[in-house]
file work_4.pdb (PDB, C-alpha atoms)
MODEL        1
ATOM      1  CA  MET P 268       0.000   0.000   0.000
ATOM      2  CA  ARG P 269       2.230   2.755  -1.291
ATOM      3  CA  GLU P 270      -0.208   5.667  -1.011
ATOM      4  CA  LEU P 271      -1.121   6.556   2.573
ATOM      5  CA  ARG P 272      -2.561  10.047   2.181
ATOM      6  CA  ASP P 273      -6.317  10.224   2.771
ATOM      7  CA  LYS P 274      -6.364   6.620   3.991
ATOM      8  CA  VAL P 275      -7.511   5.507   7.464
ATOM      9  CA  ALA P 276      -5.305   3.860  10.078
ATOM     10  CA  VAL P 277      -6.337   2.072  13.266
ATOM     11  CA  VAL P 278      -3.779   1.612  16.050
ATOM     12  CA  THR P 279      -4.386  -0.324  19.257
ATOM     13  CA  GLY P 280      -2.292   0.555  22.270
ATOM     14  CA  GLY P 281      -2.242   3.941  20.606
ATOM     15  CA  ALA P 282      -2.085   6.209  23.646
ATOM     16  CA  SER P 283       1.607   5.746  24.421
ATOM     17  CA  GLY P 284       4.933   4.379  23.214
ATOM     18  CA  ILE P 285       5.194   2.855  19.767
ATOM     19  CA  GLY P 286       1.444   3.077  19.215
ATOM     20  CA  LEU P 287       1.316   6.827  19.782
ATOM     21  CA  ALA P 288       4.380   7.327  17.573
ATOM     22  CA  LEU P 289       2.670   5.310  14.836
ATOM     23  CA  ALA P 290      -0.448   7.464  15.140
ATOM     24  CA  HIS P 291       1.574  10.675  14.810
ATOM     25  CA  ARG P 292       3.593   9.354  11.871
ATOM     26  CA  PHE P 293       0.483   8.150  10.048
ATOM     27  CA  GLY P 294      -1.092  11.553  10.636
ATOM     28  CA  ALA P 295       1.995  13.264   9.263
ATOM     29  CA  GLU P 296       1.596  11.103   6.151
ATOM     30  CA  GLY P 297      -1.886  12.550   5.659
ATOM     31  CA  MET P 298      -3.885   9.655   7.115
ATOM     32  CA  GLN P 299      -6.927   9.837   9.346
ATOM     33  CA  VAL P 300      -6.230   7.954  12.551
ATOM     34  CA  ALA P 301      -8.305   6.018  15.081
ATOM     35  CA  ILE P 302      -6.503   4.940  18.228
ATOM     36  CA  GLY P 303      -7.748   2.393  20.711
ATOM     37  CA  ASP P 304      -6.387   2.085  24.235
ATOM     38  CA  ILE P 305      -7.588   0.756  27.571
ATOM     39  CA  GLU P 306      -6.208   3.768  29.478
ATOM     40  CA  GLU P 307      -8.973   6.352  29.157
ATOM     41  CA  ARG P 308      -7.141   9.455  30.414
ATOM     42  CA  ALA P 309      -4.024   8.769  28.352
ATOM     43  CA  LEU P 310      -6.235   8.120  25.326
ATOM     44  CA  ALA P 311      -7.933  11.504  25.660
ATOM     45  CA  GLU P 312      -4.557  13.233  25.995
ATOM     46  CA  ALA P 313      -3.214  11.379  22.968
ATOM     47  CA  VAL P 314      -6.154  12.409  20.798
ATOM     48  CA  THR P 315      -5.759  16.019  21.907
ATOM     49  CA  GLY P 316      -2.073  15.908  20.997
ATOM     50  CA  LEU P 317      -2.811  14.437  17.589
ATOM     51  CA  ARG P 318      -5.461  17.030  16.818
ATOM     52  CA  ASP P 319      -3.167  19.820  17.985
ATOM     53  CA  ALA P 320      -0.661  18.486  15.435
ATOM     54  CA  GLY P 321      -3.302  18.783  12.708
ATOM     55  CA  VAL P 322      -4.208  15.085  12.556
ATOM     56  CA  ASP P 323      -7.839  14.078  11.986
ATOM     57  CA  ALA P 324      -8.033  11.630  14.891
ATOM     58  CA  ILE P 325     -10.454   9.862  17.184
ATOM     59  CA  GLY P 326      -9.952   7.681  20.243
ATOM     60  CA  VAL P 327     -12.004   4.721  21.387
ATOM     61  CA  VAL P 328     -11.523   3.074  24.775
ATOM     62  CA  THR P 329     -10.605  -0.484  23.817
ATOM     63  CA  ASP P 330      -9.749  -3.646  25.717
ATOM     64  CA  VAL P 331      -8.175  -5.794  23.021
ATOM     65  CA  ARG P 332      -8.817  -8.928  25.099
ATOM     66  CA  ASP P 333     -12.553  -8.427  24.505
ATOM     67  CA  PRO P 334     -13.760  -9.194  20.958
ATOM     68  CA  ALA P 335     -16.802  -6.927  21.389
ATOM     69  CA  SER P 336     -14.549  -4.035  22.404
ATOM     70  CA  VAL P 337     -12.416  -4.460  19.273
ATOM     71  CA  ASP P 338     -15.592  -4.632  17.189
ATOM     72  CA  ALA P 339     -16.679  -1.326  18.757
ATOM     73  CA  LEU P 340     -13.356   0.237  17.712
ATOM     74  CA  ARG P 341     -13.980  -0.862  14.133
ATOM     75  CA  ASP P 342     -17.582   0.336  14.138
ATOM     76  CA  GLU P 343     -16.713   3.777  15.525
ATOM     77  CA  THR P 344     -13.918   4.154  12.977
ATOM     78  CA  LEU P 345     -16.234   3.265  10.109
ATOM     79  CA  ASP P 346     -18.939   5.603  11.421
ATOM     80  CA  VAL P 347     -16.522   8.538  11.567
ATOM     81  CA  PHE P 348     -14.125   7.914   8.675
ATOM     82  CA  GLY P 349     -16.059   5.503   6.443
ATOM     83  CA  ALA P 350     -13.232   3.008   5.889
ATOM     84  CA  VAL P 351     -10.202   1.256   7.379
ATOM     85  CA  HIS P 352      -7.061   0.677   5.330
ATOM     86  CA  LEU P 353      -4.194   0.104   7.768
ATOM     87  CA  VAL P 354      -4.563  -1.860  11.020
ATOM     88  CA  CYS P 355      -1.819  -1.946  13.644
ATOM     89  CA  ASN P 356      -2.464  -4.583  16.301
ATOM     90  CA  ASN P 357       0.022  -3.010  18.659
ATOM     91  CA  ALA P 358      -1.259  -3.225  22.249
ATOM     92  CA  GLY P 359       1.175  -5.117  24.445
ATOM     93  CA  VAL P 360       2.172  -5.836  28.038
ATOM     94  CA  ALA P 361       5.004  -7.674  29.765
ATOM     95  CA  GLY P 362       5.159 -10.254  32.519
ATOM     96  CA  VAL P 363       8.029 -11.303  34.759
ATOM     97  CA  GLY P 364       8.965 -14.569  36.428
ATOM     98  CA  GLN P 365      10.755 -17.849  35.938
ATOM     99  CA  ALA P 366       8.833 -20.163  33.653
ATOM    100  CA  TRP P 367       7.570 -22.380  36.487
ATOM    101  CA  GLU P 368       6.549 -19.407  38.655
ATOM    102  CA  ILE P 369       4.245 -17.589  36.229
ATOM    103  CA  SER P 370       0.761 -17.565  37.713
ATOM    104  CA  PRO P 371      -2.416 -18.364  35.793
ATOM    105  CA  THR P 372      -3.464 -14.738  36.327
ATOM    106  CA  GLN P 373      -0.328 -13.444  34.618
ATOM    107  CA  TRP P 374      -0.620 -15.964  31.775
ATOM    108  CA  ASP P 375      -4.220 -14.866  31.164
ATOM    109  CA  TRP P 376      -3.281 -11.188  31.068
ATOM    110  CA  VAL P 377      -0.141 -11.392  28.940
ATOM    111  CA  LEU P 378      -1.567 -13.835  26.394
ATOM    112  CA  GLY P 379      -4.911 -12.043  26.444
ATOM    113  CA  VAL P 380      -3.393  -8.716  25.444
ATOM    114  CA  ASN P 381      -0.390  -9.731  23.359
ATOM    115  CA  LEU P 382      -1.771 -12.715  21.458
ATOM    116  CA  LEU P 383      -5.558 -12.731  21.656
ATOM    117  CA  GLY P 384      -5.528  -8.965  21.177
ATOM    118  CA  VAL P 385      -3.898  -9.556  17.796
ATOM    119  CA  ALA P 386      -6.245 -12.451  16.993
ATOM    120  CA  ASN P 387      -9.256 -10.284  17.835
ATOM    121  CA  GLY P 388      -7.907  -7.548  15.591
ATOM    122  CA  LEU P 389      -7.558  -9.957  12.685
ATOM    123  CA  ARG P 390     -11.040 -11.362  13.120
ATOM    124  CA  THR P 391     -12.544  -7.894  13.338
ATOM    125  CA  PHE P 392     -10.696  -6.012  10.602
ATOM    126  CA  VAL P 393      -9.296  -8.418   7.993
ATOM    127  CA  PRO P 394     -12.628  -9.365   6.352
ATOM    128  CA  GLY P 395     -13.245  -5.695   5.585
ATOM    129  CA  LEU P 396      -9.796  -5.270   4.082
ATOM    130  CA  ILE P 397     -10.385  -8.312   1.868
ATOM    131  CA  ASP P 398     -13.802  -7.040   0.757
ATOM    132  CA  GLN P 399     -12.470  -3.630  -0.274
ATOM    133  CA  GLY P 400      -9.470  -5.186  -2.053
ATOM    134  CA  GLU P 401      -6.931  -2.998  -0.301
ATOM    135  CA  GLY P 402      -5.210  -2.774   3.047
ATOM    136  CA  HIS P 403      -2.325  -3.684   5.281
ATOM    137  CA  VAL P 404      -2.000  -5.287   8.723
ATOM    138  CA  VAL P 405       0.921  -4.674  11.067
ATOM    139  CA  ASN P 406       1.169  -6.946  14.109
ATOM    140  CA  THR P 407       3.553  -5.884  16.866
ATOM    141  CA  ALA P 408       5.666  -8.783  18.097
ATOM    142  CA  SER P 409       9.188  -8.290  19.493
ATOM    143  CA  SER P 410      12.755  -9.439  19.126
ATOM    144  CA  ALA P 411      11.654 -11.749  21.973
ATOM    145  CA  GLY P 412       9.520 -13.525  19.384
ATOM    146  CA  LEU P 413      12.698 -14.504  17.540
ATOM    147  CA  ALA P 414      15.071 -15.273  20.426
ATOM    148  CA  SER P 415      13.962 -15.869  24.014
ATOM    149  CA  THR P 416      15.164 -14.067  27.129
ATOM    150  CA  PRO P 417      15.177 -15.471  30.693
ATOM    151  CA  MET P 418      12.523 -14.405  33.202
ATOM    152  CA  ILE P 419       9.885 -13.297  30.691
ATOM    153  CA  GLY P 420       8.457 -16.615  29.545
ATOM    154  CA  ALA P 421       4.872 -15.471  29.075
ATOM    155  CA  TYR P 422       6.019 -12.467  27.062
ATOM    156  CA  ASN P 423       8.370 -14.600  24.935
ATOM    157  CA  ALA P 424       5.629 -17.125  24.263
ATOM    158  CA  SER P 425       3.111 -14.457  23.308
ATOM    159  CA  LYS P 426       5.473 -12.689  20.927
ATOM    160  CA  ALA P 427       6.657 -15.899  19.261
ATOM    161  CA  ALA P 428       2.999 -16.737  18.743
ATOM    162  CA  VAL P 429       2.374 -13.325  17.152
ATOM    163  CA  VAL P 430       5.187 -14.009  14.674
ATOM    164  CA  ALA P 431       3.670 -17.410  13.840
ATOM    165  CA  LEU P 432       0.151 -15.989  13.568
ATOM    166  CA  SER P 433       1.370 -13.210  11.271
ATOM    167  CA  GLU P 434       3.169 -15.682   9.021
ATOM    168  CA  THR P 435       0.010 -17.783   8.879
ATOM    169  CA  LEU P 436      -2.091 -14.721   8.032
ATOM    170  CA  PHE P 437       0.272 -13.958   5.153
ATOM    171  CA  HIS P 438      -0.186 -17.462   3.736
ATOM    172  CA  ASP P 439      -3.949 -17.525   4.355
ATOM    173  CA  LEU P 440      -4.455 -14.253   2.500
ATOM    174  CA  ARG P 441      -2.475 -15.525  -0.479
ATOM    175  CA  ASP P 442      -4.377 -18.801  -0.498
ATOM    176  CA  ALA P 443      -7.621 -16.786  -0.477
ATOM    177  CA  GLY P 444      -6.444 -14.686  -3.415
ATOM    178  CA  ALA P 445      -6.335 -11.535  -1.273
ATOM    179  CA  THR P 446      -2.974 -10.398  -2.609
ATOM    180  CA  ASP P 447      -3.902  -6.711  -2.199
ATOM    181  CA  VAL P 448      -3.891  -7.051   1.596
ATOM    182  CA  GLY P 449      -0.377  -6.834   2.978
ATOM    183  CA  VAL P 450       0.988  -8.121   6.269
ATOM    184  CA  SER P 451       3.976  -7.080   8.365
ATOM    185  CA  VAL P 452       5.212  -8.271  11.737
ATOM    186  CA  LEU P 453       7.131  -5.739  13.812
ATOM    187  CA  CYS P 454       9.974  -7.166  15.926
ATOM    188  CA  PRO P 455      11.660  -4.323  17.815
ATOM    189  CA  SER P 456      14.247  -4.750  20.544
ATOM    190  CA  PHE P 457      14.773  -2.073  23.216
ATOM    191  CA  VAL P 458      12.634   0.998  22.554
ATOM    192  CA  ASP P 459      12.202   3.957  24.896
ATOM    193  CA  THR P 460       8.636   3.233  26.052
ATOM    194  CA  ARG P 461       6.785   2.690  29.333
ATOM    195  CA  ILE P 462       6.320  -1.061  28.946
ATOM    196  CA  ALA P 463       8.199  -1.574  32.228
ATOM    197  CA  GLU P 464       5.243   0.215  33.845
ATOM    198  CA  CYS P 465       2.542  -1.744  32.029
ATOM    199  CA  ASP P 466       1.211  -3.023  35.370
ATOM    200  CA  ARG P 467      -0.661   0.281  35.609
ATOM    201  CA  ASN P 468      -3.282  -1.412  33.430
ATOM    202  CA  ALA P 469      -3.079  -4.894  34.962
ATOM    203  CA  PRO P 470      -6.151  -6.613  36.450
ATOM    204  CA  ASP P 471      -6.604  -6.121  40.190
ATOM    205  CA  ALA P 472      -5.946  -9.806  40.872
ATOM    206  CA  LEU P 473      -2.551  -9.596  39.207
ATOM    207  CA  LEU P 474      -1.677  -6.362  40.988
ATOM    208  CA  ASP P 475      -2.424  -8.116  44.279
ATOM    209  CA  GLU P 476       0.044 -10.852  43.347
ATOM    210  CA  LEU P 477       2.772  -8.397  42.367
ATOM    211  CA  GLN P 478       2.391  -6.249  45.469
ATOM    212  CA  ASP P 479       2.065  -8.932  48.147
ATOM    213  CA  GLY P 480       5.436  -8.173  49.745
ATOM    214  CA  SER P 481       6.859 -11.621  48.969
ATOM    215  CA  GLU P 482      10.380 -12.376  47.812
ATOM    216  CA  ARG P 483       9.064 -13.012  44.314
ATOM    217  CA  ALA P 484       7.352  -9.609  44.256
ATOM    218  CA  GLY P 485      10.714  -8.062  45.082
ATOM    219  CA  GLN P 486      12.373  -9.988  42.269
ATOM    220  CA  VAL P 487       9.752  -8.702  39.858
ATOM    221  CA  GLU P 488      10.431  -5.098  40.855
ATOM    222  CA  THR P 489      14.170  -5.636  40.478
ATOM    223  CA  MET P 490      13.595  -6.941  36.970
ATOM    224  CA  ARG P 491      11.424  -3.959  36.116
ATOM    225  CA  ASP P 492      14.117  -1.572  37.361
ATOM    226  CA  LEU P 493      16.549  -3.319  35.013
ATOM    227  CA  TRP P 494      14.137  -2.863  32.112
ATOM    228  CA  ARG P 495      13.761   0.819  32.867
ATOM    229  CA  SER P 496      17.525   1.288  32.747
ATOM    230  CA  LEU P 497      17.797  -0.641  29.468
ATOM    231  CA  LEU P 498      14.919   1.193  27.823
ATOM    232  CA  ALA P 499      15.982   4.685  28.835
ATOM    233  CA  GLY P 500      17.798   6.342  25.961
ATOM    234  CA  SER P 501      17.233   3.393  23.609
ATOM    235  CA  MET P 502      15.699   3.671  20.136
ATOM    236  CA  SER P 503      12.896   6.212  19.977
ATOM    237  CA  PRO P 504       9.326   5.158  19.149
ATOM    238  CA  ALA P 505       9.424   7.661  16.279
ATOM    239  CA  GLU P 506      12.276   5.724  14.655
ATOM    240  CA  VAL P 507      10.225   2.538  14.900
ATOM    241  CA  ALA P 508       7.219   4.297  13.378
ATOM    242  CA  GLY P 509       9.368   5.398  10.447
ATOM    243  CA  ALA P 510      10.473   1.804   9.873
ATOM    244  CA  VAL P 511       6.840   0.684   9.896
ATOM    245  CA  VAL P 512       5.810   3.253   7.292
ATOM    246  CA  ASP P 513       8.682   2.197   5.053
ATOM    247  CA  ALA P 514       7.699  -1.474   5.373
ATOM    248  CA  VAL P 515       4.043  -0.799   4.597
ATOM    249  CA  ARG P 516       4.970   1.151   1.478
ATOM    250  CA  GLU P 517       7.396  -1.550   0.369
ATOM    251  CA  GLY P 518       5.064  -4.431   1.220
ATOM    252  CA  ARG P 519       7.766  -5.913   3.458
ATOM    253  CA  PHE P 520       6.775  -8.645   5.931
ATOM    254  CA  TYR P 521       9.469  -8.684   8.642
ATOM    255  CA  ILE P 522      10.240  -5.332  10.276
ATOM    256  CA  ILE P 523      13.524  -5.702  12.166
ATOM    257  CA  THR P 524      14.533  -2.423  13.800
ATOM    258  CA  HIS P 525      17.827  -3.408  15.466
ATOM    259  CA  ASP P 526      20.925  -4.963  13.919
ATOM    260  CA  ARG P 527      21.429  -7.056  17.052
ATOM    261  CA  THR P 528      18.082  -8.769  16.412
ATOM    262  CA  ARG P 529      19.277  -9.874  12.983
ATOM    263  CA  GLU P 530      22.423 -11.313  14.543
ATOM    264  CA  LEU P 531      20.394 -13.212  17.140
ATOM    265  CA  ALA P 532      17.966 -14.551  14.545
ATOM    266  CA  ARG P 533      20.836 -15.884  12.431
ATOM    267  CA  ALA P 534      22.479 -17.428  15.472
ATOM    268  CA  ARG P 535      19.220 -18.976  16.633
ATOM    269  CA  PHE P 536      18.524 -20.734  13.356
ATOM    270  CA  ASP P 537      22.120 -21.906  13.134
ATOM    271  CA  ARG P 538      21.657 -23.471  16.583
ATOM    272  CA  ILE P 539      18.385 -25.045  15.487
ATOM    273  CA  LEU P 540      19.995 -26.613  12.421
ATOM    274  CA  GLU P 541      22.960 -27.799  14.484
ATOM    275  CA  GLY P 542      20.784 -29.162  17.304
ATOM    276  CA  GLY P 543      22.499 -26.823  19.786
ATOM    277  CA  ASP P 544      21.311 -24.922  22.841
ATOM    278  CA  PRO P 545      19.145 -21.827  22.322
ATOM    279  CA  VAL P 546      20.670 -18.364  22.129
ATOM    280  CA  VAL P 547      19.774 -15.747  24.726
ATOM    281  CA  GLY P 548      17.631 -12.962  23.321
ATOM    282  CA  GLU P 549      17.288  -9.337  24.304
ATOM    283  CA  GLY P 550      13.563  -9.035  25.019
TER     284      GLY P 550
ENDMDL
END

call {"tool": "encode", "arguments": {"input": "work_4.pdb", "output": "structure tokens"}}
result
Amino acid sequence: MRELRDKVAVVTGGASGIGLALAHRFGAEGMQVAIGDIEERALAEAVTGLRDAGVDAIGVVTDVRDPASVDALRDETLDVFGAVHLVCNNAGVAGVGQAWEISPTQWDWVLGVNLLGVANGLRTFVPGLIDQGEGHVVNTASSAGLASTPMIGAYNASKAAVVALSETLFHDLRDAGATDVGVSVLCPSFVDTRIAECDRNAPDALLDELQDGSERAGQVETMRDLWRSLLAGSMSPAEVAGAVVDAVREGRFYIITHDRTRELARARFDRILEGGDPVVGEG
């Protein structure tokens, strides 16, 4: 989809981080933008910022775990703008803990947002893109979907699944003859966002687990402090948004933003072919 001007983009997780940068970049390209986010106050502020920048934008409170909520995002976008051309299934959260310590509550939240949020976006938006014979889908995965990192098993699993689901979508669209609908999977490494603070939107039951004063709760906070230090001063969300726009225009599937991710992906598949131990990713 080379021409973006006067087209309509939908971005979930659009009130902060990569999602907000995508919304601003799409607006700068002349697109109308609908952003969905579960954080109502941040969503309102994001829409105000977009409109102040001259972007024709709306915001819809959206819980991507809920199929009806994603449907409502689509319906409001169609009511206001009349079409959808570019869909970014971008909402994401992180979880912390050794693989055998991850609670059912954390699994439900991380997979619900990161994986089922993407699946709900595909179910809701892709049929319309096929019917109109034009469109593009960008699913946000992570470098963690290509090489796994210790202590974030639920996150790794969710992002690897997003890569697999995106690859499957690509094949399914081709098999259905829908060659005018493009697909990309975004696999960034460290980006200067607030994902280390994603617990601000966690379910109450999970917050209770993470704040119970136990040794594990302390380990989780230590890990989050490490993330904050790694993310600070890393690649800007605006740089990622630029890479996404380039990939959409070029019809490119894999969006790899960091050279280190390419190195890890090569090393991982070498290990797979050799029957070796897995490489350690970056998250």

call {"tool": "resolve_selection", "arguments": {"input": "work_4.pdb", "expression": "the PyMOL selection byres ((chain P and resi 350) around 10)", "output": "PyMOL selection string"}}
result
chain P and resi 274-276+299+341-342+344-349+351-353+395-396+399

call {"tool": "write_last_selection", "arguments": {"input": "work_4.pdb", "atoms": "C-alpha atoms", "output": "short mmCIF file (atom, residue, chain, number, x, y, z; two decimals), keeping the file's coordinate frame"}}
result
data_model
loop_
_atom_site.label_atom_id
_atom_site.label_comp_id
_atom_site.auth_asym_id
_atom_site.auth_seq_id
_atom_site.Cartn_x
_atom_site.Cartn_y
_atom_site.Cartn_z
CA LYS P 274 -6.36 6.62 3.99
CA VAL P 275 -7.51 5.51 7.46
CA ALA P 276 -5.30 3.86 10.08
CA GLN P 299 -6.93 9.84 9.35
CA ARG P 341 -13.98 -0.86 14.13
CA ASP P 342 -17.58 0.34 14.14
CA THR P 344 -13.92 4.15 12.98
CA LEU P 345 -16.23 3.26 10.11
CA ASP P 346 -18.94 5.60 11.42
CA VAL P 347 -16.52 8.54 11.57
CA PHE P 348 -14.12 7.91 8.68
CA GLY P 349 -16.06 5.50 6.44
CA VAL P 351 -10.20 1.26 7.38
CA HIS P 352 -7.06 0.68 5.33
CA LEU P 353 -4.19 0.10 7.77
CA GLY P 395 -13.24 -5.70 5.58
CA LEU P 396 -9.80 -5.27 4.08
CA GLN P 399 -12.47 -3.63 -0.27
#

call {"tool": "closest_residue", "arguments": {"input": "work_4.pdb", "among": "P:Asn423, P:Thr446, P:Thr372, P:Ser283", "to": "Gly400 of chain P", "atoms": "only C-alpha atoms"}}
result
P:Thr446

call {"tool": "resolve_selection", "arguments": {"input": "work_4.pdb", "expression": "the PyMOL selection byres ((chain P and resi 506-509) around 12)", "output": "JSON, numbers by chain"}}
result
{"P": [278, 281, 284, 285, 286, 287, 288, 289, 290, 291, 292, 293, 294, 295, 296, 355, 357, 405, 407, 409, 453, 454, 455, 456, 457, 458, 459, 460, 501, 502, 503, 504, 505, 510, 511, 512, 513, 514, 515, 516, 522, 523, 524, 525]}

call {"tool": "write_last_selection", "arguments": {"input": "work_4.pdb", "atoms": "C-alpha atoms", "output": "PDB file, in the frame of the given file"}}
result
ATOM      1  CA  VAL P 278      -3.779   1.612  16.050  1.00  0.00           C
ATOM      2  CA  GLY P 281      -2.242   3.941  20.606  1.00  0.00           C
ATOM      3  CA  GLY P 284       4.933   4.379  23.214  1.00  0.00           C
ATOM      4  CA  ILE P 285       5.194   2.855  19.767  1.00  0.00           C
ATOM      5  CA  GLY P 286       1.444   3.077  19.215  1.00  0.00           C
ATOM      6  CA  LEU P 287       1.316   6.827  19.782  1.00  0.00           C
ATOM      7  CA  ALA P 288       4.380   7.327  17.573  1.00  0.00           C
ATOM      8  CA  LEU P 289       2.670   5.310  14.836  1.00  0.00           C
ATOM      9  CA  ALA P 290      -0.448   7.464  15.140  1.00  0.00           C
ATOM     10  CA  HIS P 291       1.574  10.675  14.810  1.00  0.00           C
ATOM     11  CA  ARG P 292       3.593   9.354  11.871  1.00  0.00           C
ATOM     12  CA  PHE P 293       0.483   8.150  10.048  1.00  0.00           C
ATOM     13  CA  GLY P 294      -1.092  11.553  10.636  1.00  0.00           C
ATOM     14  CA  ALA P 295       1.995  13.264   9.263  1.00  0.00           C
ATOM     15  CA  GLU P 296       1.596  11.103   6.151  1.00  0.00           C
ATOM     16  CA  CYS P 355      -1.819  -1.946  13.644  1.00  0.00           C
ATOM     17  CA  ASN P 357       0.022  -3.010  18.659  1.00  0.00           C
ATOM     18  CA  VAL P 405       0.921  -4.674  11.067  1.00  0.00           C
ATOM     19  CA  THR P 407       3.553  -5.884  16.866  1.00  0.00           C
ATOM     20  CA  SER P 409       9.188  -8.290  19.493  1.00  0.00           C
ATOM     21  CA  LEU P 453       7.131  -5.739  13.812  1.00  0.00           C
ATOM     22  CA  CYS P 454       9.974  -7.166  15.926  1.00  0.00           C
ATOM     23  CA  PRO P 455      11.660  -4.323  17.815  1.00  0.00           C
ATOM     24  CA  SER P 456      14.247  -4.750  20.544  1.00  0.00           C
ATOM     25  CA  PHE P 457      14.773  -2.073  23.216  1.00  0.00           C
ATOM     26  CA  VAL P 458      12.634   0.998  22.554  1.00  0.00           C
ATOM     27  CA  ASP P 459      12.202   3.957  24.896  1.00  0.00           C
ATOM     28  CA  THR P 460       8.636   3.233  26.052  1.00  0.00           C
ATOM     29  CA  SER P 501      17.233   3.393  23.609  1.00  0.00           C
ATOM     30  CA  MET P 502      15.699   3.671  20.136  1.00  0.00           C
ATOM     31  CA  SER P 503      12.896   6.212  19.977  1.00  0.00           C
ATOM     32  CA  PRO P 504       9.326   5.158  19.149  1.00  0.00           C
ATOM     33  CA  ALA P 505       9.424   7.661  16.279  1.00  0.00           C
ATOM     34  CA  ALA P 510      10.473   1.804   9.873  1.00  0.00           C
ATOM     35  CA  VAL P 511       6.840   0.684   9.896  1.00  0.00           C
ATOM     36  CA  VAL P 512       5.810   3.253   7.292  1.00  0.00           C
ATOM     37  CA  ASP P 513       8.682   2.197   5.053  1.00  0.00           C
ATOM     38  CA  ALA P 514       7.699  -1.474   5.373  1.00  0.00           C
ATOM     39  CA  VAL P 515       4.043  -0.799   4.597  1.00  0.00           C
ATOM     40  CA  ARG P 516       4.970   1.151   1.478  1.00  0.00           C
ATOM     41  CA  ILE P 522      10.240  -5.332  10.276  1.00  0.00           C
ATOM     42  CA  ILE P 523      13.524  -5.702  12.166  1.00  0.00           C
ATOM     43  CA  THR P 524      14.533  -2.423  13.800  1.00  0.00           C
ATOM     44  CA  HIS P 525      17.827  -3.408  15.466  1.00  0.00           C
TER      45      HIS P 525
END

call {"tool": "closest_residue", "arguments": {"input": "work_4.pdb", "among": "P:Val337, P:Val314, P:Ala463, P:Ala414", "to": "Ser496 of chain P", "atoms": "all atoms listed in the file"}}
result
P:Ala463

call {"tool": "residues_near_point", "arguments": {"input": "work_4.pdb", "point": "(-10.5, -9.3, 25.8)", "cutoff": "10 Å", "atoms": "all atoms listed in the file", "output": "PyMOL selection string"}}
result
chain P and resi 329-337+375-376+379-380+383-384+387

call {"tool": "closest_residue", "arguments": {"input": "work_4.pdb", "among": "P:Ile369, P:Val547, P:Leu440, P:Val450", "to": "Arg527 of chain P", "atoms": "all atoms listed in the file"}}
result
P:Val547

call {"tool": "resolve_selection", "arguments": {"input": "work_4.pdb", "expression": "the PyMOL selection byres ((chain P and resi 364-367) around 8)", "output": "list in words"}}
result
Gly362, Val363, Glu368, Ile369, Pro417, Met418, Ile419, Gly420, Ala421 and Val487 of chain P

call {"tool": "atom_distance", "arguments": {"input": "work_4.pdb", "atom1": "atom CA of Leu540 of chain P", "atom2": "atom CA of Thr416 of chain P"}}
result
19.9 Å
